[in-house]
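upload11.txt follows (compact mmCIF, C-alpha atoms):
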# COMPACT_ATOMS: atom_id res chain seq x y z
CA MET P 19 135.70 33.16 10.11
CA ALA P 20 133.38 34.77 12.67
CA GLY P 21 134.62 38.16 11.53
CA ARG P 22 133.58 37.40 7.89
CA ARG P 23 130.01 36.39 8.88
CA ALA P 24 129.59 39.52 10.92
CA PHE P 25 131.02 41.47 8.02
CA ASP P 26 128.48 39.82 5.66
CA GLY P 27 125.53 40.85 7.99
CA TRP P 28 126.72 44.48 8.01
CA SER P 29 127.16 44.71 4.27
CA ARG P 30 123.76 43.09 3.72
CA THR P 31 122.04 45.69 5.94
CA VAL P 32 123.95 48.44 4.18
CA GLY P 33 122.82 46.97 0.88
CA TRP P 34 119.18 47.07 2.08
CA LEU P 35 119.62 50.56 3.43
CA LYS P 36 120.94 51.72 0.08
CA VAL P 37 117.58 50.72 -1.42
CA ALA P 38 115.23 51.71 1.46
CA LEU P 39 116.60 55.14 2.28
CA PRO P 40 116.30 56.67 -1.28
CA LEU P 41 112.81 55.21 -1.53
CA THR P 42 111.63 56.90 1.70
CA ALA P 43 113.31 60.12 0.56
CA LEU P 44 111.37 59.88 -2.69
CA GLY P 45 108.15 59.23 -0.72
CA LEU P 46 108.73 62.24 1.55
CA LEU P 47 109.48 64.41 -1.44
CA SER P 48 106.29 63.36 -3.22
CA THR P 49 104.08 64.14 -0.20
CA LEU P 50 105.36 67.66 -0.44
CA PHE P 51 103.40 68.12 -3.68
CA LEU P 52 100.72 65.42 -3.34
CA VAL P 53 99.27 66.40 0.02
CA SER P 54 99.83 70.18 0.08
CA ASN P 55 96.66 72.21 -0.43
CA ARG P 56 96.09 73.61 -3.79
CA ILE P 57 96.63 77.38 -4.04
CA ASP P 58 94.18 78.61 -6.61
CA PRO P 59 95.76 81.67 -8.17
CA GLU P 60 92.27 82.93 -9.07
CA THR P 61 91.13 83.47 -5.45
CA ALA P 62 94.48 84.37 -4.11
CA ILE P 63 93.83 88.12 -4.32
CA PRO P 64 90.48 89.07 -2.57
CA TYR P 65 88.59 91.43 -4.89
CA SER P 66 86.24 94.00 -3.20
CA ASP P 67 82.58 93.24 -3.97
CA ILE P 68 81.37 96.87 -4.03
CA ASP P 69 79.57 97.45 -7.27
CA VAL P 70 81.83 99.97 -8.90
CA GLN P 71 79.33 100.68 -11.68
CA SER P 72 76.65 101.91 -9.32
CA LEU P 73 79.22 103.96 -7.45
CA VAL P 74 80.13 105.77 -10.63
CA ARG P 75 76.55 106.16 -11.90
CA GLU P 76 75.07 107.71 -8.73
CA PRO P 77 77.38 110.13 -7.00
CA ARG P 78 77.00 109.78 -3.21
CA LEU P 79 78.55 111.19 -0.10
CA THR P 80 79.36 108.96 2.85
CA LYS P 81 78.94 110.41 6.36
CA PRO P 82 78.06 113.92 5.16
CA VAL P 83 77.70 116.63 7.78
CA TYR P 84 75.71 119.82 7.10
CA SER P 85 75.54 122.62 9.62
CA GLY P 86 74.12 126.09 9.41
CA THR P 87 72.26 128.71 11.40
CA THR P 88 68.54 129.30 10.95
CA ALA P 89 66.58 132.53 10.73
CA ASN P 90 66.16 132.93 14.48
CA GLY P 91 69.80 132.27 15.22
CA SER P 92 69.71 128.65 16.32
CA THR P 93 72.31 126.30 14.83
CA LEU P 94 71.22 123.16 13.02
CA THR P 95 73.61 120.30 12.22
CA LEU P 96 72.56 117.36 10.05
CA GLN P 97 74.49 114.11 9.81
CA ALA P 98 73.73 111.03 7.74
CA LEU P 99 75.27 107.65 7.07
CA GLU P 100 75.08 108.28 3.34
CA ALA P 101 73.55 110.99 1.15
CA ARG P 102 72.78 111.10 -2.56
CA PRO P 103 72.62 114.60 -4.05
CA ALA P 104 69.81 115.23 -6.51
CA THR P 105 71.01 114.31 -9.97
CA THR P 106 67.98 115.39 -11.97
CA PRO P 107 66.23 118.62 -10.90
CA GLY P 108 62.97 116.69 -10.37
CA ASN P 109 63.86 114.32 -7.60
CA PRO P 110 65.10 115.54 -4.20
CA SER P 111 68.44 114.50 -2.75
CA THR P 112 68.03 111.72 -0.23
CA ALA P 113 69.94 110.55 2.80
CA VAL P 114 69.93 107.45 4.99
CA ASP P 115 70.07 107.14 8.78
CA VAL P 116 69.88 110.86 9.52
CA THR P 117 70.51 112.58 12.86
CA ALA P 118 69.85 116.30 13.33
CA THR P 119 70.74 118.50 16.29
CA LEU P 120 69.14 121.88 16.80
CA THR P 121 70.57 124.15 19.49
CA SER P 122 68.74 127.40 20.02
CA ARG P 123 70.26 130.69 21.16
CA THR P 124 69.09 129.97 24.71
CA GLY P 125 71.08 126.73 24.70
CA LEU P 126 68.03 124.52 24.24
CA ARG P 127 69.01 121.29 22.46
CA THR P 128 66.72 119.11 20.34
CA ASP P 129 67.97 115.84 18.86
CA ILE P 130 66.09 114.26 15.98
CA ARG P 131 66.87 110.96 14.25
CA SER P 132 65.15 109.06 11.45
CA ASN P 133 65.78 106.22 9.03
CA ALA P 134 65.63 108.30 5.88
CA ALA P 135 65.33 111.89 4.74
CA SER P 136 64.82 113.75 1.50
CA LEU P 137 65.75 117.39 1.02
CA ASP P 138 63.56 119.47 -1.28
CA ALA P 139 65.92 122.32 -2.14
CA ALA P 140 63.19 124.44 -3.77
CA THR P 141 61.17 124.88 -0.59
CA ASN P 142 64.20 124.27 1.64
CA THR P 143 62.31 121.62 3.63
CA LEU P 144 63.74 118.37 4.80
CA ARG P 145 61.27 115.46 5.03
CA LEU P 146 62.32 112.88 7.62
CA THR P 147 60.60 109.49 7.43
CA GLY P 148 60.90 106.10 9.12
CA ASP P 149 60.48 105.95 12.93
CA VAL P 150 61.43 109.53 13.58
CA GLN P 151 62.39 110.26 17.16
CA ILE P 152 62.63 113.76 18.65
CA ASP P 153 64.27 114.26 22.04
CA SER P 154 63.71 117.76 23.29
CA SER P 155 65.58 119.11 26.29
CA ALA P 156 62.24 119.68 28.06
CA ALA P 157 62.53 115.92 28.56
CA TYR P 158 59.81 115.14 26.03
CA GLN P 159 60.55 112.29 23.65
CA VAL P 160 58.27 112.31 20.60
CA LYS P 161 57.94 109.39 18.19
CA THR P 162 56.29 109.70 14.78
CA GLU P 163 56.52 108.31 11.27
CA ALA P 164 57.11 111.46 9.26
CA LEU P 165 58.41 114.91 10.10
CA ASP P 166 58.84 117.95 7.86
CA ALA P 167 61.65 120.29 8.83
CA ASP P 168 61.52 123.81 7.42
CA LEU P 169 65.24 124.50 7.54
CA SER P 170 65.08 128.27 7.18
CA ALA P 171 62.55 128.86 9.98
CA SER P 172 63.75 125.77 11.92
CA ALA P 173 60.13 124.71 12.40
CA PHE P 174 59.35 121.01 12.53
CA THR P 175 55.83 119.76 11.84
CA SER P 176 54.49 116.23 11.75
CA SER P 177 51.07 115.70 10.22
CA VAL P 178 50.81 112.03 11.17
CA PRO P 179 49.78 110.67 14.61
CA VAL P 180 52.50 111.08 17.22
CA GLN P 181 53.17 109.61 20.65
CA ALA P 182 55.26 111.37 23.24
CA THR P 183 56.54 110.46 26.68
CA GLY P 184 57.45 113.22 29.06
CA PRO P 185 57.64 114.14 32.74
CA THR P 186 53.87 114.53 32.84
CA GLY P 187 53.06 111.18 31.31
CA THR P 188 52.43 109.82 27.85
CA VAL P 189 50.74 111.97 25.21
CA THR P 190 49.13 110.90 21.95
CA ALA P 191 47.91 113.35 19.32
CA ASP P 192 47.02 113.59 15.66
CA SER P 193 49.80 115.97 14.76
CA MET P 194 52.60 117.94 16.33
CA SER P 195 54.85 120.91 15.65
CA LEU P 196 58.01 122.24 17.23
CA MET P 197 58.64 125.86 16.33
CA PRO P 198 60.13 129.04 17.72
CA ASP P 199 57.86 130.75 20.21
CA PRO P 200 55.93 133.52 18.35
CA LYS P 201 56.84 135.84 21.25
CA GLY P 202 60.30 135.43 19.77
CA ASP P 203 62.24 135.12 23.01
CA GLY P 204 64.34 132.33 21.47
CA THR P 205 62.47 129.52 23.14
CA TYR P 206 60.64 126.75 21.29
CA LEU P 207 57.04 125.60 21.61
CA LEU P 208 56.24 121.93 21.27
CA VAL P 209 52.56 121.90 20.26
CA PHE P 210 50.38 118.81 19.91
CA ASN P 211 47.13 119.19 17.96
CA GLY P 212 44.06 117.11 17.31
CA ARG P 213 42.53 114.71 19.88
CA VAL P 214 45.33 115.24 22.36
CA LYS P 215 45.22 112.65 25.12
CA LEU P 216 47.53 112.60 28.11
CA VAL P 217 47.64 109.80 30.68
CA TYR P 218 49.43 110.60 33.93
CA GLN P 219 49.94 108.02 36.66
CA PRO P 220 50.38 109.80 40.02
CA LYS P 221 53.15 108.35 42.12
CA GLN Z 9 29.62 131.56 56.39
CA GLU Z 10 30.11 128.07 55.02
CA ILE Z 11 28.27 124.82 54.41
CA LYS Z 12 29.84 121.39 54.72
CA PHE Z 13 28.42 118.44 52.81
CA LYS Z 14 29.24 114.89 51.88
CA SER Z 15 30.64 114.44 48.35
CA LEU Z 16 32.65 112.20 46.08
CA GLN Z 17 35.42 110.25 47.84
CA GLN Z 18 38.09 108.53 45.75
CA ASP Z 19 41.73 107.46 45.82
CA SER Z 20 43.94 110.25 44.49
CA SER Z 21 46.51 107.87 43.00
CA LEU Z 22 44.15 106.79 40.22
CA PRO Z 23 45.52 107.61 36.75
CA VAL Z 24 44.65 111.08 35.55
CA ASP Z 25 43.48 111.25 31.96
CA VAL Z 26 43.51 114.61 30.15
CA ALA Z 27 41.99 115.11 26.70
CA SER Z 28 41.95 118.40 24.79
CA ASP Z 29 42.21 119.90 21.31
CA SER Z 30 45.79 121.01 21.72
CA LEU Z 31 48.69 120.90 24.16
CA SER Z 32 51.61 123.29 23.95
CA VAL Z 33 54.78 122.81 25.95
CA ASP Z 34 57.25 125.64 26.38
CA GLN Z 35 60.61 124.01 25.85
CA THR Z 36 62.55 126.28 28.16
CA SER Z 37 60.25 126.56 31.14
CA GLY Z 38 58.45 123.24 30.61
CA ILE Z 39 55.03 124.85 31.21
CA ALA Z 40 52.32 122.75 29.50
CA ILE Z 41 48.99 124.33 28.53
CA PHE Z 42 45.97 122.36 27.36
CA ASP Z 43 43.63 124.37 25.17
CA GLY Z 44 40.20 123.71 23.65
CA ASN Z 45 37.51 121.72 25.56
CA VAL Z 46 39.80 120.19 28.11
CA ILE Z 47 38.36 117.11 29.85
CA VAL Z 48 40.19 115.72 32.88
CA THR Z 49 38.90 112.41 34.17
CA GLN Z 50 40.10 110.54 37.24
CA GLY Z 51 38.04 107.71 38.64
CA ALA Z 52 34.43 108.90 38.96
CA MET Z 53 35.34 112.60 38.68
CA THR Z 54 35.36 114.70 35.50
CA ILE Z 55 36.51 118.28 35.26
CA LYS Z 56 35.81 120.18 32.05
CA SER Z 57 37.12 123.61 31.13
CA ALA Z 58 38.23 125.71 28.19
CA LYS Z 59 41.85 125.85 29.23
CA ALA Z 60 44.13 124.08 31.72
CA ARG Z 61 47.69 124.80 32.75
CA VAL Z 62 49.91 122.10 34.17
CA GLN Z 63 52.29 122.85 37.00
CA ASN Z 64 54.96 120.19 37.31
CA SER Z 65 56.30 119.21 40.70
CA ALA Z 66 59.57 120.86 41.66
CA ASP Z 67 61.62 117.68 41.26
CA GLY Z 68 60.07 117.27 37.82
CA SER Z 69 58.71 113.86 38.72
CA GLY Z 70 55.18 114.61 37.52
CA ILE Z 71 52.14 116.88 37.69
CA GLU Z 72 51.60 118.73 40.92
CA LYS Z 73 48.66 121.05 40.13
CA LEU Z 74 46.21 121.65 37.31
CA PHE Z 75 44.89 125.21 36.91
CA PHE Z 76 41.59 125.44 35.02
CA ASP Z 77 40.04 128.65 33.72
CA GLY Z 78 37.57 129.89 31.19
CA GLY Z 79 34.53 128.27 32.87
CA VAL Z 80 34.97 125.01 34.79
CA THR Z 81 32.44 122.24 35.44
CA PHE Z 82 33.11 119.51 38.00
CA ALA Z 83 30.95 116.41 37.75
CA SER Z 84 30.61 113.12 39.56
CA GLU Z 85 27.71 110.70 39.83
CA THR Z 86 26.06 112.49 42.72
CA GLU Z 87 26.72 116.18 42.02
CA ALA Z 88 27.82 118.79 39.53
CA ALA Z 89 29.46 122.16 40.17
CA GLU Z 90 30.26 125.14 37.96
CA ALA Z 91 32.72 127.99 38.54
CA ASN Z 92 34.98 130.41 36.69
CA GLU Z 93 38.30 128.90 37.75
CA ALA Z 94 39.51 125.79 39.55
CA VAL Z 95 42.76 124.37 40.91
CA TYR Z 96 43.20 120.64 41.37
CA THR Z 97 46.17 119.44 43.46
CA ILE Z 98 46.54 115.82 42.48
CA ALA Z 99 48.63 114.55 45.39
CA SER Z 100 46.28 115.84 48.10
CA GLY Z 101 43.16 115.26 46.00
CA GLU Z 102 41.92 118.82 46.68
CA VAL Z 103 39.80 120.69 44.14
CA VAL Z 104 39.30 124.40 44.82
CA MET Z 105 36.69 126.13 42.64
CA THR Z 106 36.37 129.89 42.77
CA GLY Z 107 34.29 132.61 41.12
CA ASP Z 108 30.45 132.45 41.43
CA VAL Z 109 30.28 128.74 42.15
CA LEU Z 110 26.99 126.90 41.63
CA LEU Z 111 26.69 123.38 43.05
CA THR Z 112 23.73 121.08 42.37
CA GLN Z 113 23.43 117.97 44.50
CA GLY Z 114 20.22 116.15 43.77
CA PRO Z 115 17.33 118.59 44.38
CA THR Z 116 19.39 121.12 46.38
CA THR Z 117 21.45 123.82 44.72
CA ILE Z 118 24.07 125.83 46.63
CA ALA Z 119 25.66 129.02 45.30
CA GLY Z 120 28.75 130.70 46.78
CA GLN Z 121 32.12 132.21 46.01
CA LYS Z 122 34.48 129.36 46.83
CA LEU Z 123 34.01 125.59 46.88
CA VAL Z 124 36.70 123.29 48.32
CA TYR Z 125 36.46 119.56 47.67
CA ASP Z 126 38.64 117.10 49.56
CA LEU Z 127 38.42 113.96 47.46
CA GLN Z 128 40.32 111.84 49.96
CA LYS Z 129 37.95 112.57 52.84
CA GLY Z 130 34.98 112.94 50.53
CA THR Z 131 33.87 116.29 51.99
CA GLY Z 132 33.12 119.63 50.37
CA THR Z 133 32.80 123.11 51.92
CA MET Z 134 31.15 126.04 50.19
CA GLN Z 135 32.23 129.49 51.41
CA GLY Z 136 31.36 133.13 50.74
CA ARG Z 137 27.74 134.49 50.52
CA VAL Z 138 26.32 131.01 50.42
CA GLN Z 139 22.71 130.70 49.28
CA THR Z 140 20.96 127.38 49.36
CA THR Z 141 17.67 126.61 47.69
CA PHE Z 142 15.81 123.52 48.80
CA VAL Z 143 12.90 122.00 46.94
CA PRO Z 144 10.51 120.82 49.66
CA LYS Z 145 9.11 117.37 49.22
CA SER Z 146 5.83 118.86 47.99
CA GLY Z 147 7.69 119.95 44.90
CA VAL Z 148 6.79 123.67 45.11
CA ALA Z 149 9.87 125.91 44.88
CA PRO Z 150 9.83 128.72 47.57
Spell out the structure here as structure tokens.
Amino acid sequence: MAGRRAFDGWSRTVGWLKVALPLTALGLLSTLFLVSNRIDPETAIPYSDIDVQSLVREPRLTKPVYSGTTANGSTLTLQALEARPATTPGNPSTAVDVTATLTSRTGLRTDIRSNAASLDAATNTLRLTGDVQIDSSAAYQVKTEALDADLSASAFTSSVPVQATGPTGTVTADSMSLMPDPKGDGTYLLVFNGRVKLVYQPK
Amino acid sequence: QEIKFKSLQQDSSLPVDVASDSLSVDQTSGIAIFDGNVIVTQGAMTIKSAKARVQNSADGSGIEKLFFDGGVTFASETEAAEANEAVYTIASGEVVMTGDVLLTQGPTTIAGQKLVYDLQKGTGTMQGRVQTTFVPKSGVAP
């Protein structure tokens, strides 16, 4: 008799299990689809957001490098983040974030950087604008807003007020030019003109 | 012979202020030349000349000497001096004026060939064929 009652208990639990186990299996299975995050096929592939139309319309060069030698034999290299060649003859080709390095025959190095530049091919002058900075190897650092570079004669002139810091103190002037020495011995003259003022603090 | 006299005394580490029409710096040698009514002011002293050349100190830490030429005038409250050329050594505060120097200090005028100012000690010595003209109190020039 005792064996039968025990047997009944076992078969009853098995009977319950037969109902409970499939139900939990069904529940587990449903969470697979219910809870899982939705994959939206639309955003699955990341499209690039560069405006293709404008790329096609305006041809541009990224990271262009131009180098050449000037009339008096010094080499000039120009680099820019991005340049847009002149499409219509009227407007000049422009460039952004320009750095220029001029090394003269005597090994003198002048580094110039500016936010923007526009090259006027007709007169072969490059107009640099936007906090232009000129570091000459005579340890003078000149800051101005606009600088015209005559590429053939490698002469740089700025007709707007300039400030410069150098070994002899700080200099302010109305205009400035950096050009080959007329004596022609390959060296360059950095000339400040117009109300030049130098302040030197003795040590 | 020479004449010593009391003159401007000032600290030579005051800032030096140079104004001119143009400044040209030779990129290779670093020589800087001021051109066109150059006015150098430091404290109570003003030096004016047509042209001034800067000589940097050897270690390139700043200006060592200023060479003036083309007619130099040195002025302070108490006196004024004129000469052909002048050399001002900033560190030692010494101004040397040469070439028919004419110094006027109040009523007296002193002429000579070379005038040396020592700004730190506040003394000046005039050398070379010195002629002094005094105006006696009675106001009649000799």
Determine, for each residue of chain P having at least one atom at most 12 Å from an atom of chain Z, the closest pair of atoms and their separation in Å to one decimal, counting all atoms listed in the file; order by chain and ascending number, as CSV.
residue,atom,partner,partner_atom,distance
P:Thr121,CA,Z:Gln35,CA,11.8
P:Ser122,CA,Z:Thr36,CA,10.3
P:Arg123,CA,Z:Thr36,CA,11.3
P:Thr124,CA,Z:Thr36,CA,8.3
P:Gly125,CA,Z:Thr36,CA,9.2
P:Leu126,CA,Z:Thr36,CA,7.0
P:Arg127,CA,Z:Gln35,CA,9.5
P:Thr128,CA,Z:Gln35,CA,9.6
P:Asp153,CA,Z:Gln35,CA,11.1
P:Ser154,CA,Z:Gln35,CA,7.4
P:Ser155,CA,Z:Gln35,CA,7.0
P:Ala156,CA,Z:Gln35,CA,5.1
P:Ala157,CA,Z:Gly38,CA,8.6
P:Tyr158,CA,Z:Gln35,CA,8.9
P:Gln159,CA,Z:Gln35,CA,11.9
P:Ala182,CA,Z:Leu31,CA,11.6
P:Thr183,CA,Z:Gly70,CA,11.7
P:Gly184,CA,Z:Gly70,CA,8.9
P:Pro185,CA,Z:Gly70,CA,5.4
P:Thr186,CA,Z:Gly70,CA,4.9
P:Gly187,CA,Z:Gly70,CA,7.4
P:Thr188,CA,Z:Asp25,CA,10.0
P:Val189,CA,Z:Val26,CA,9.1
P:Thr190,CA,Z:Ala27,CA,9.6
P:Ala191,CA,Z:Ser30,CA,8.3
P:Asp192,CA,Z:Ser30,CA,9.7
P:Ser193,CA,Z:Ser30,CA,9.5
P:Met194,CA,Z:Ser30,CA,9.2
P:Ser195,CA,Z:Ser32,CA,9.2
P:Leu196,CA,Z:Gln35,CA,9.2
P:Met197,CA,Z:Gln35,CA,9.9
P:Pro198,CA,Z:Gln35,CA,9.6
P:Asp199,CA,Z:Asp34,CA,8.0
P:Pro200,CA,Z:Asp34,CA,11.3
P:Lys201,CA,Z:Asp34,CA,11.4
P:Asp203,CA,Z:Thr36,CA,10.2
P:Gly204,CA,Z:Thr36,CA,9.2
P:Thr205,CA,Z:Thr36,CA,6.0
P:Tyr206,CA,Z:Gln35,CA,5.3
P:Leu207,CA,Z:Asp34,CA,4.8
P:Leu208,CA,Z:Val33,CA,5.0
P:Val209,CA,Z:Ser32,CA,4.1
P:Phe210,CA,Z:Leu31,CA,5.0
P:Asn211,CA,Z:Ser30,CA,4.4
P:Gly212,CA,Z:Asp29,CA,5.2
P:Arg213,CA,Z:Asp29,CA,5.4
P:Val214,CA,Z:Ser28,CA,5.2
P:Lys215,CA,Z:Ala27,CA,4.4
P:Leu216,CA,Z:Val26,CA,4.9
P:Val217,CA,Z:Asp25,CA,4.6
P:Tyr218,CA,Z:Val24,CA,5.1
P:Gln219,CA,Z:Pro23,CA,4.4
P:Pro220,CA,Z:Ser21,CA,5.3
P:Lys221,CA,Z:Ser21,CA,6.7
Q.
Just the number, please: distance in Å from CA of Val104 (chain Z) to CA of Asp126 (chain Z), one decimal.
A. 8.7 Å
Q) In Å to one decimal, how far is CA of Ala66 (chain Z) from CA of Met53 (chain Z)? A) 25.8 Å
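Pairwise distance (CA of Met134 (chain Z), CA of Gln17 (chain Z)) equals 16.5 Å.
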Please define a box with edges along x, y and z of the file around all atoms of region 134-151 of chain P given in the file, extend it by 6 Å on each side, and return its centre and edge lengths in Å to one decimal, as JSON.
{"center_x": 63.2, "center_y": 115.4, "center_z": 6.7, "size_x": 17.4, "size_y": 30.9, "size_z": 32.9}
**Q.** Selection: 9 Å around region 75-87 of chain Z, all atoms listed in the file, excl. self and same-chain fewer than 3 positions, as a ChimeraX atom specification
**A.** /Z:15-16,46,52-63,90-97,105,111-114
Q.
Applying 12 Å and all atoms listed in the file, which residues near Arg75 (chain P) remain after dropping the ones on its own chain fewer than 6 positions away? List them as an NGL selection string.
A. :P and (69 or 102 or 105)
Could you please fill out region 13-34 of chain Z with N, CA and C atoms and send it back as a PDB file, in the coordinates of the input?
ATOM      1  N   PHE Z  13      29.333 119.493  53.298  1.00  0.00           N
ATOM      2  CA  PHE Z  13      28.420 118.440  52.810  1.00  0.00           C
ATOM      3  C   PHE Z  13      29.265 117.248  52.382  1.00  0.00           C
ATOM      4  N   LYS Z  14      28.589 116.144  52.284  1.00  0.00           N
ATOM      5  CA  LYS Z  14      29.240 114.890  51.880  1.00  0.00           C
ATOM      6  C   LYS Z  14      29.402 114.927  50.357  1.00  0.00           C
ATOM      7  N   SER Z  15      30.533 114.439  49.838  1.00  0.00           N
ATOM      8  CA  SER Z  15      30.640 114.440  48.350  1.00  0.00           C
ATOM      9  C   SER Z  15      31.515 113.280  47.938  1.00  0.00           C
ATOM     10  N   LEU Z  16      31.942 113.331  46.695  1.00  0.00           N
ATOM     11  CA  LEU Z  16      32.650 112.200  46.080  1.00  0.00           C
ATOM     12  C   LEU Z  16      33.917 111.893  46.874  1.00  0.00           C
ATOM     13  N   GLN Z  17      34.142 110.615  47.195  1.00  0.00           N
ATOM     14  CA  GLN Z  17      35.420 110.250  47.840  1.00  0.00           C
ATOM     15  C   GLN Z  17      36.129 109.258  46.925  1.00  0.00           C
ATOM     16  N   GLN Z  18      37.392 109.507  46.605  1.00  0.00           N
ATOM     17  CA  GLN Z  18      38.090 108.530  45.750  1.00  0.00           C
ATOM     18  C   GLN Z  18      39.585 108.606  46.018  1.00  0.00           C
ATOM     19  N   ASP Z  19      40.297 107.563  45.580  1.00  0.00           N
ATOM     20  CA  ASP Z  19      41.730 107.460  45.820  1.00  0.00           C
ATOM     21  C   ASP Z  19      42.440 108.426  44.855  1.00  0.00           C
ATOM     22  N   SER Z  20      43.353 109.223  45.376  1.00  0.00           N
ATOM     23  CA  SER Z  20      43.940 110.250  44.490  1.00  0.00           C
ATOM     24  C   SER Z  20      45.132 109.695  43.720  1.00  0.00           C
ATOM     25  N   SER Z  21      45.379 108.353  43.829  1.00  0.00           N
ATOM     26  CA  SER Z  21      46.510 107.870  43.000  1.00  0.00           C
ATOM     27  C   SER Z  21      45.979 107.153  41.763  1.00  0.00           C
ATOM     28  N   LEU Z  22      44.670 107.370  41.473  1.00  0.00           N
ATOM     29  CA  LEU Z  22      44.150 106.790  40.220  1.00  0.00           C
ATOM     30  C   LEU Z  22      44.778 107.540  39.050  1.00  0.00           C
ATOM     31  N   PRO Z  23      44.922 106.891  37.886  1.00  0.00           N
ATOM     32  CA  PRO Z  23      45.520 107.610  36.750  1.00  0.00           C
ATOM     33  C   PRO Z  23      44.666 108.797  36.336  1.00  0.00           C
ATOM     34  N   VAL Z  24      45.338 109.869  35.991  1.00  0.00           N
ATOM     35  CA  VAL Z  24      44.650 111.080  35.550  1.00  0.00           C
ATOM     36  C   VAL Z  24      44.696 111.101  34.017  1.00  0.00           C
ATOM     37  N   ASP Z  25      43.532 111.312  33.418  1.00  0.00           N
ATOM     38  CA  ASP Z  25      43.480 111.250  31.960  1.00  0.00           C
ATOM     39  C   ASP Z  25      43.031 112.624  31.450  1.00  0.00           C
ATOM     40  N   VAL Z  26      43.838 113.261  30.625  1.00  0.00           N
ATOM     41  CA  VAL Z  26      43.510 114.610  30.150  1.00  0.00           C
ATOM     42  C   VAL Z  26      43.323 114.554  28.647  1.00  0.00           C
ATOM     43  N   ALA Z  27      42.191 115.050  28.155  1.00  0.00           N
ATOM     44  CA  ALA Z  27      41.990 115.110  26.700  1.00  0.00           C
ATOM     45  C   ALA Z  27      41.714 116.558  26.345  1.00  0.00           C
ATOM     46  N   SER Z  28      42.225 117.004  25.185  1.00  0.00           N
ATOM     47  CA  SER Z  28      41.950 118.400  24.790  1.00  0.00           C
ATOM     48  C   SER Z  28      42.218 118.510  23.298  1.00  0.00           C
ATOM     49  N   ASP Z  29      41.964 119.713  22.741  1.00  0.00           N
ATOM     50  CA  ASP Z  29      42.210 119.900  21.310  1.00  0.00           C
ATOM     51  C   ASP Z  29      43.689 120.088  21.051  1.00  0.00           C
ATOM     52  N   SER Z  30      44.359 120.805  21.988  1.00  0.00           N
ATOM     53  CA  SER Z  30      45.790 121.010  21.720  1.00  0.00           C
ATOM     54  C   SER Z  30      46.537 121.105  23.040  1.00  0.00           C
ATOM     55  N   LEU Z  31      47.821 120.804  22.978  1.00  0.00           N
ATOM     56  CA  LEU Z  31      48.690 120.900  24.160  1.00  0.00           C
ATOM     57  C   LEU Z  31      49.953 121.583  23.705  1.00  0.00           C
ATOM     58  N   SER Z  32      50.345 122.664  24.382  1.00  0.00           N
ATOM     59  CA  SER Z  32      51.610 123.290  23.950  1.00  0.00           C
ATOM     60  C   SER Z  32      52.555 123.316  25.145  1.00  0.00           C
ATOM     61  N   VAL Z  33      53.790 122.897  24.888  1.00  0.00           N
ATOM     62  CA  VAL Z  33      54.780 122.810  25.950  1.00  0.00           C
ATOM     63  C   VAL Z  33      55.896 123.790  25.643  1.00  0.00           C
ATOM     64  N   ASP Z  34      56.157 124.679  26.584  1.00  0.00           N
ATOM     65  CA  ASP Z  34      57.250 125.640  26.380  1.00  0.00           C
ATOM     66  C   ASP Z  34      58.545 124.913  26.697  1.00  0.00           C
TER      67      ASP Z  34
END
